[in-house]
file data_28.cif (mmCIF, C-alpha atoms)
data_data
#
loop_
_atom_site.group_PDB
_atom_site.id
_atom_site.type_symbol
_atom_site.label_atom_id
_atom_site.label_comp_id
_atom_site.auth_asym_id
_atom_site.auth_seq_id
_atom_site.Cartn_x
_atom_site.Cartn_y
_atom_site.Cartn_z
ATOM 1 C CA MET Y 19 13.725 -1.187 -13.094
ATOM 2 C CA LYS Y 20 14.499 -4.073 -10.734
ATOM 3 C CA THR Y 21 17.935 -4.548 -12.264
ATOM 4 C CA GLU Y 22 18.700 -0.849 -11.843
ATOM 5 C CA LYS Y 23 17.648 -1.041 -8.185
ATOM 6 C CA ASN Y 24 19.797 -4.091 -7.501
ATOM 7 C CA GLU Y 25 22.811 -2.480 -9.153
ATOM 8 C CA GLN Y 26 22.357 0.684 -7.086
ATOM 9 C CA GLN Y 27 22.028 -1.258 -3.863
ATOM 10 C CA THR Y 28 25.110 -3.319 -4.664
ATOM 11 C CA LEU Y 29 27.118 -0.215 -5.439
ATOM 12 C CA GLY Y 30 25.607 1.821 -2.575
ATOM 13 C CA ARG Y 31 25.105 4.839 -4.777
ATOM 14 C CA SER Y 32 21.617 6.073 -3.992
ATOM 15 C CA ALA Y 33 19.866 8.100 -1.327
ATOM 16 C CA ALA Y 34 16.346 9.394 -0.789
ATOM 17 C CA PHE Y 35 14.835 12.187 1.279
ATOM 18 C CA SER Y 36 11.807 12.435 3.532
ATOM 19 C CA GLY Y 37 11.010 15.185 5.981
ATOM 20 C CA HIS Y 38 8.465 17.517 7.453
ATOM 21 C CA ARG Y 39 6.778 20.063 5.230
ATOM 22 C CA HIS Y 40 6.743 22.755 7.889
ATOM 23 C CA ILE Y 41 10.062 23.680 9.461
ATOM 24 C CA SER Y 42 10.457 26.416 12.030
ATOM 25 C CA PRO Y 43 12.266 29.335 10.327
ATOM 26 C CA ASP Y 44 14.802 29.515 13.170
ATOM 27 C CA ARG Y 45 15.840 25.894 12.416
ATOM 28 C CA VAL Y 46 16.288 26.342 8.646
ATOM 29 C CA PRO Y 47 19.878 27.719 8.575
ATOM 30 C CA THR Y 48 21.300 24.932 10.762
ATOM 31 C CA LEU Y 49 19.266 22.288 8.959
ATOM 32 C CA MET Y 50 20.454 23.519 5.558
ATOM 33 C CA LYS Y 51 24.080 23.438 6.724
ATOM 34 C CA ASN Y 52 23.651 19.881 8.059
ATOM 35 C CA LEU Y 53 21.796 18.791 4.920
ATOM 36 C CA ASP Y 54 24.526 20.172 2.638
ATOM 37 C CA ALA Y 55 27.223 18.453 4.722
ATOM 38 C CA THR Y 56 25.331 15.141 4.750
ATOM 39 C CA ILE Y 57 24.772 15.160 0.991
ATOM 40 C CA ALA Y 58 28.438 16.047 0.398
ATOM 41 C CA ARG Y 59 29.528 13.207 2.690
ATOM 42 C CA LEU Y 60 27.247 10.754 0.910
ATOM 43 C CA TYR Y 61 28.724 11.848 -2.404
ATOM 44 C CA GLU Y 62 32.231 11.262 -1.037
ATOM 45 C CA GLU Y 63 31.063 7.769 -0.042
ATOM 46 C CA GLY Y 64 29.951 7.076 -3.625
ATOM 47 C CA VAL Y 65 26.315 8.199 -3.685
ATOM 48 C CA THR Y 66 25.551 9.855 -7.006
ATOM 49 C CA THR Y 67 21.791 9.286 -7.367
ATOM 50 C CA PHE Y 68 19.349 11.122 -5.104
ATOM 51 C CA TYR Y 69 15.572 10.496 -5.015
ATOM 52 C CA CYS Y 70 13.395 13.370 -3.838
ATOM 53 C CA GLY Y 71 9.638 13.388 -3.187
ATOM 54 C CA MET Y 72 9.427 17.110 -4.024
ATOM 55 C CA ALA Y 73 7.152 18.095 -1.121
ATOM 56 C CA MET Y 74 7.329 21.523 0.495
ATOM 57 C CA GLY Y 75 9.815 22.027 3.277
ATOM 58 C CA PHE Y 76 12.582 19.474 3.718
ATOM 59 C CA ASP Y 77 12.182 17.827 0.299
ATOM 60 C CA LEU Y 78 12.617 21.077 -1.625
ATOM 61 C CA MET Y 79 15.595 21.987 0.556
ATOM 62 C CA ALA Y 80 17.132 18.603 -0.263
ATOM 63 C CA ALA Y 81 16.480 18.976 -3.999
ATOM 64 C CA GLU Y 82 18.153 22.395 -4.013
ATOM 65 C CA SER Y 83 21.138 21.046 -2.086
ATOM 66 C CA VAL Y 84 21.567 18.161 -4.544
ATOM 67 C CA LEU Y 85 21.393 20.577 -7.471
ATOM 68 C CA THR Y 86 24.091 22.727 -5.851
ATOM 69 C CA LEU Y 87 26.306 19.643 -5.523
ATOM 70 C CA ARG Y 88 25.559 18.647 -9.129
ATOM 71 C CA ALA Y 89 26.901 22.021 -10.298
ATOM 72 C CA LEU Y 90 30.287 20.884 -8.947
ATOM 73 C CA HIS Y 91 29.929 17.200 -9.837
ATOM 74 C CA PRO Y 92 27.927 16.614 -13.053
ATOM 75 C CA GLU Y 93 27.658 12.866 -12.394
ATOM 76 C CA VAL Y 94 25.238 13.601 -9.536
ATOM 77 C CA LYS Y 95 21.626 12.867 -10.494
ATOM 78 C CA LEU Y 96 18.406 14.197 -8.997
ATOM 79 C CA ILE Y 97 15.389 11.964 -9.549
ATOM 80 C CA ALA Y 98 12.089 13.722 -8.768
ATOM 81 C CA VAL Y 99 9.581 11.166 -7.475
ATOM 82 C CA ILE Y 100 6.216 12.876 -7.710
ATOM 83 C CA PRO Y 101 3.097 11.362 -6.117
ATOM 84 C CA PHE Y 102 0.708 12.893 -8.690
ATOM 85 C CA LYS Y 103 0.564 15.570 -11.352
ATOM 86 C CA GLY Y 104 -0.293 18.901 -9.759
ATOM 87 C CA GLN Y 105 1.383 18.082 -6.452
ATOM 88 C CA ASP Y 106 2.253 21.755 -6.041
ATOM 89 C CA LYS Y 107 -1.355 22.989 -6.381
ATOM 90 C CA PHE Y 108 -1.588 24.112 -2.755
ATOM 91 C CA TYR Y 109 2.022 25.266 -2.332
ATOM 92 C CA THR Y 110 2.772 28.881 -1.535
ATOM 93 C CA ASP Y 111 3.812 31.016 -4.507
ATOM 94 C CA GLU Y 112 7.417 30.885 -3.307
ATOM 95 C CA ASP Y 113 7.338 27.101 -2.987
ATOM 96 C CA LYS Y 114 5.650 26.746 -6.390
ATOM 97 C CA THR Y 115 8.574 28.643 -7.903
ATOM 98 C CA ARG Y 116 11.143 26.525 -6.045
ATOM 99 C CA TYR Y 117 9.295 23.347 -7.049
ATOM 100 C CA ALA Y 118 9.168 24.358 -10.722
ATOM 101 C CA GLN Y 119 12.875 25.223 -10.761
ATOM 102 C CA ALA Y 120 13.900 21.970 -9.064
ATOM 103 C CA LEU Y 121 11.597 19.920 -11.274
ATOM 104 C CA ALA Y 122 12.930 21.565 -14.434
ATOM 105 C CA SER Y 123 16.490 20.799 -13.286
ATOM 106 C CA ALA Y 124 15.847 17.180 -12.277
ATOM 107 C CA ASP Y 125 17.585 14.498 -14.325
ATOM 108 C CA ALA Y 126 14.441 12.360 -14.338
ATOM 109 C CA LYS Y 127 10.827 12.618 -13.202
ATOM 110 C CA VAL Y 128 8.820 9.646 -11.965
ATOM 111 C CA PHE Y 129 5.063 10.156 -11.520
ATOM 112 C CA MET Y 130 3.193 7.709 -9.295
ATOM 113 C CA SER Y 131 -0.295 8.776 -10.419
ATOM 114 C CA LYS Y 132 -2.018 11.117 -12.844
ATOM 115 C CA SER Y 133 -4.259 12.489 -10.108
ATOM 116 C CA TYR Y 134 -4.369 12.898 -6.344
ATOM 117 C CA SER Y 135 -5.020 9.975 -4.053
ATOM 118 C CA LYS Y 136 -3.795 9.253 -0.535
ATOM 119 C CA SER Y 137 -2.119 6.118 -1.837
ATOM 120 C CA SER Y 138 -0.008 8.119 -4.295
ATOM 121 C CA TYR Y 139 2.067 9.448 -1.385
ATOM 122 C CA LEU Y 140 2.510 5.937 -0.028
ATOM 123 C CA CYS Y 141 3.533 4.692 -3.483
ATOM 124 C CA ARG Y 142 6.065 7.510 -3.766
ATOM 125 C CA ASN Y 143 7.617 6.712 -0.390
ATOM 126 C CA ILE Y 144 7.841 2.989 -1.087
ATOM 127 C CA TYR Y 145 9.311 3.647 -4.547
ATOM 128 C CA MET Y 146 12.063 5.719 -2.955
ATOM 129 C CA LEU Y 147 12.763 3.042 -0.325
ATOM 130 C CA LYS Y 148 13.003 0.388 -3.033
ATOM 131 C CA ASN Y 149 15.527 2.468 -4.952
ATOM 132 C CA ALA Y 150 17.711 3.897 -2.184
ATOM 133 C CA THR Y 151 20.305 2.521 0.178
ATOM 134 C CA THR Y 152 20.179 5.540 2.509
ATOM 135 C CA LEU Y 153 17.283 7.711 3.655
ATOM 136 C CA VAL Y 154 18.111 11.225 4.780
ATOM 137 C CA ALA Y 155 15.234 12.331 6.967
ATOM 138 C CA TYR Y 156 14.036 15.248 9.015
ATOM 139 C CA LEU Y 157 11.725 13.569 11.516
ATOM 140 C CA ASP Y 158 10.736 14.908 14.913
ATOM 141 C CA PRO Y 159 11.152 11.824 17.132
ATOM 142 C CA ASN Y 160 7.902 12.739 18.927
ATOM 143 C CA LYS Y 161 5.928 12.479 15.678
ATOM 144 C CA LYS Y 162 4.699 8.929 15.212
ATOM 145 C CA ASP Y 163 2.377 9.391 12.228
ATOM 146 C CA GLY Y 164 2.551 10.880 8.749
ATOM 147 C CA GLY Y 165 4.549 10.082 5.646
ATOM 148 C CA THR Y 166 8.004 10.746 7.061
ATOM 149 C CA ALA Y 167 7.381 8.592 10.138
ATOM 150 C CA PHE Y 168 6.035 5.808 7.907
ATOM 151 C CA THR Y 169 9.021 6.025 5.586
ATOM 152 C CA CYS Y 170 11.561 5.971 8.418
ATOM 153 C CA ILE Y 171 9.835 3.057 10.152
ATOM 154 C CA HIS Y 172 9.639 0.992 6.968
ATOM 155 C CA ALA Y 173 13.177 1.771 5.810
ATOM 156 C CA ILE Y 174 14.426 -1.223 7.813
ATOM 157 C CA GLU Y 175 12.172 -3.585 5.818
ATOM 158 C CA TYR Y 176 13.908 -2.416 2.653
ATOM 159 C CA GLY Y 177 17.438 -2.537 4.059
ATOM 160 C CA VAL Y 178 17.728 1.257 3.924
ATOM 161 C CA SER Y 179 19.807 3.036 6.556
ATOM 162 C CA VAL Y 180 18.348 6.235 8.030
ATOM 163 C CA ILE Y 181 20.151 9.475 8.816
ATOM 164 C CA ASN Y 182 17.814 11.733 10.796
ATOM 165 C CA LEU Y 183 18.864 15.399 10.752
ATOM 166 C CA TYR Y 184 16.241 16.526 13.264
#
call {"tool": "encode", "arguments": {"input": "data_28.cif", "output": "structure tokens"}}
result
Amino acid sequence: MKTEKNEQQTLGRSAAFSGHRHISPDRVPTLMKNLDATIARLYEEGVTTFYCGMAMGFDLMAAESVLTLRALHPEVKLIAVIPFKGQDKFYTDEDKTRYAQALASADAKVFMSKSYSKSSYLCRNIYMLKNATTLVAYLDPNKKDGGTAFTCIHAIEYGVSVINLY
């Protein structure tokens, strides 16, 4: 795995996603447009591997956007990085369906744990930082806690650039 990571960082061909689970419905259309444009631009810059934590909200939007791009460019890969089996247990029915579709379409699935633990989310976020050169985020700058804030703050330690679409 370490060799794969080093090769990806050298080539600059990987990105990860982290964002809020709850997004105001009035912000979704603009965010989706910006997300699609950002992913397309990253692809044009040579990014072909995308790591997604598969959470509700921004993560599922990102996964769907990557899959749309992959339909045009089969070399694009979606890697689902899942904190634990059953992550979608408390998702809405609509989000469970979206999650299942994205997961079934992912090129690879990486599970951090067999069962829930708070640390499984942390492990997921660090795994993505270790394997990405760019983090595409949706982080309210006023929010200083939570997984997305942690991931954005620690991106620097891993040499990962951050694009915040908030």
call {"tool": "closest_atom_pairs", "arguments": {"input": "data_28.cif", "of": "range 21-73 of chain Y", "to": "range 119-139 of chain Y", "cutoff": "12 Å", "atoms": "all atoms listed in the file", "output": "tab-separated table"}}
result
residue	atom	partner	partner_atom	distance
Y:Ser36	CA	Y:Tyr139	CA	11.3
Y:Thr66	CA	Y:Asp125	CA	11.8
Y:Thr67	CA	Y:Asp125	CA	9.7
Y:Phe68	CA	Y:Asp125	CA	10.0
Y:Tyr69	CA	Y:Ala126	CA	9.6
Y:Cys70	CA	Y:Ala124	CA	9.6
Y:Gly71	CA	Y:Tyr139	CA	8.7
Y:Met72	CA	Y:Leu121	CA	8.1
Y:Ala73	CA	Y:Tyr139	CA	10.0
call {"tool": "closest_residue", "arguments": {"input": "data_28.cif", "among": "Y:Ile144, Y:Ala89, Y:Leu96, Y:Ala173", "to": "Asp77 in chain Y", "atoms": "all atoms listed in the file"}}
result
Y:Leu96
call {"tool": "atom_distance", "arguments": {"input": "data_28.cif", "atom1": "CA of Ser32 in chain Y", "atom2": "CA of Leu153 in chain Y"}}
result
8.9 Å
call {"tool": "axis_aligned_box", "arguments": {"input": "data_28.cif", "around": "range 39-58 of chain Y", "padding_each_side": "5 Å", "output": "JSON"}}
result
{"center_x": 17.6, "center_y": 22.3, "center_z": 6.8, "size_x": 31.7, "size_y": 24.4, "size_z": 22.8}
call {"tool": "atom_distance", "arguments": {"input": "data_28.cif", "atom1": "CA of Glu62 in chain Y", "atom2": "CA of Asn143 in chain Y"}}
result
25.0 Å
call {"tool": "residues_around", "arguments": {"input": "data_28.cif", "residues": "Ala155 in chain Y", "least_positions_apart": "4", "cutoff": "7 Å", "atoms": "all atoms listed in the file", "output": "PyMOL selection string"}}
result
chain Y and resi 35-37+180-183
call {"tool": "residues_around", "arguments": {"input": "data_28.cif", "residues": "Lys148 in chain Y", "least_positions_apart": "6", "cutoff": "9 Å", "atoms": "all atoms listed in the file", "output": "PyMOL selection string"}}
result
chain Y and resi 23+173+176-178
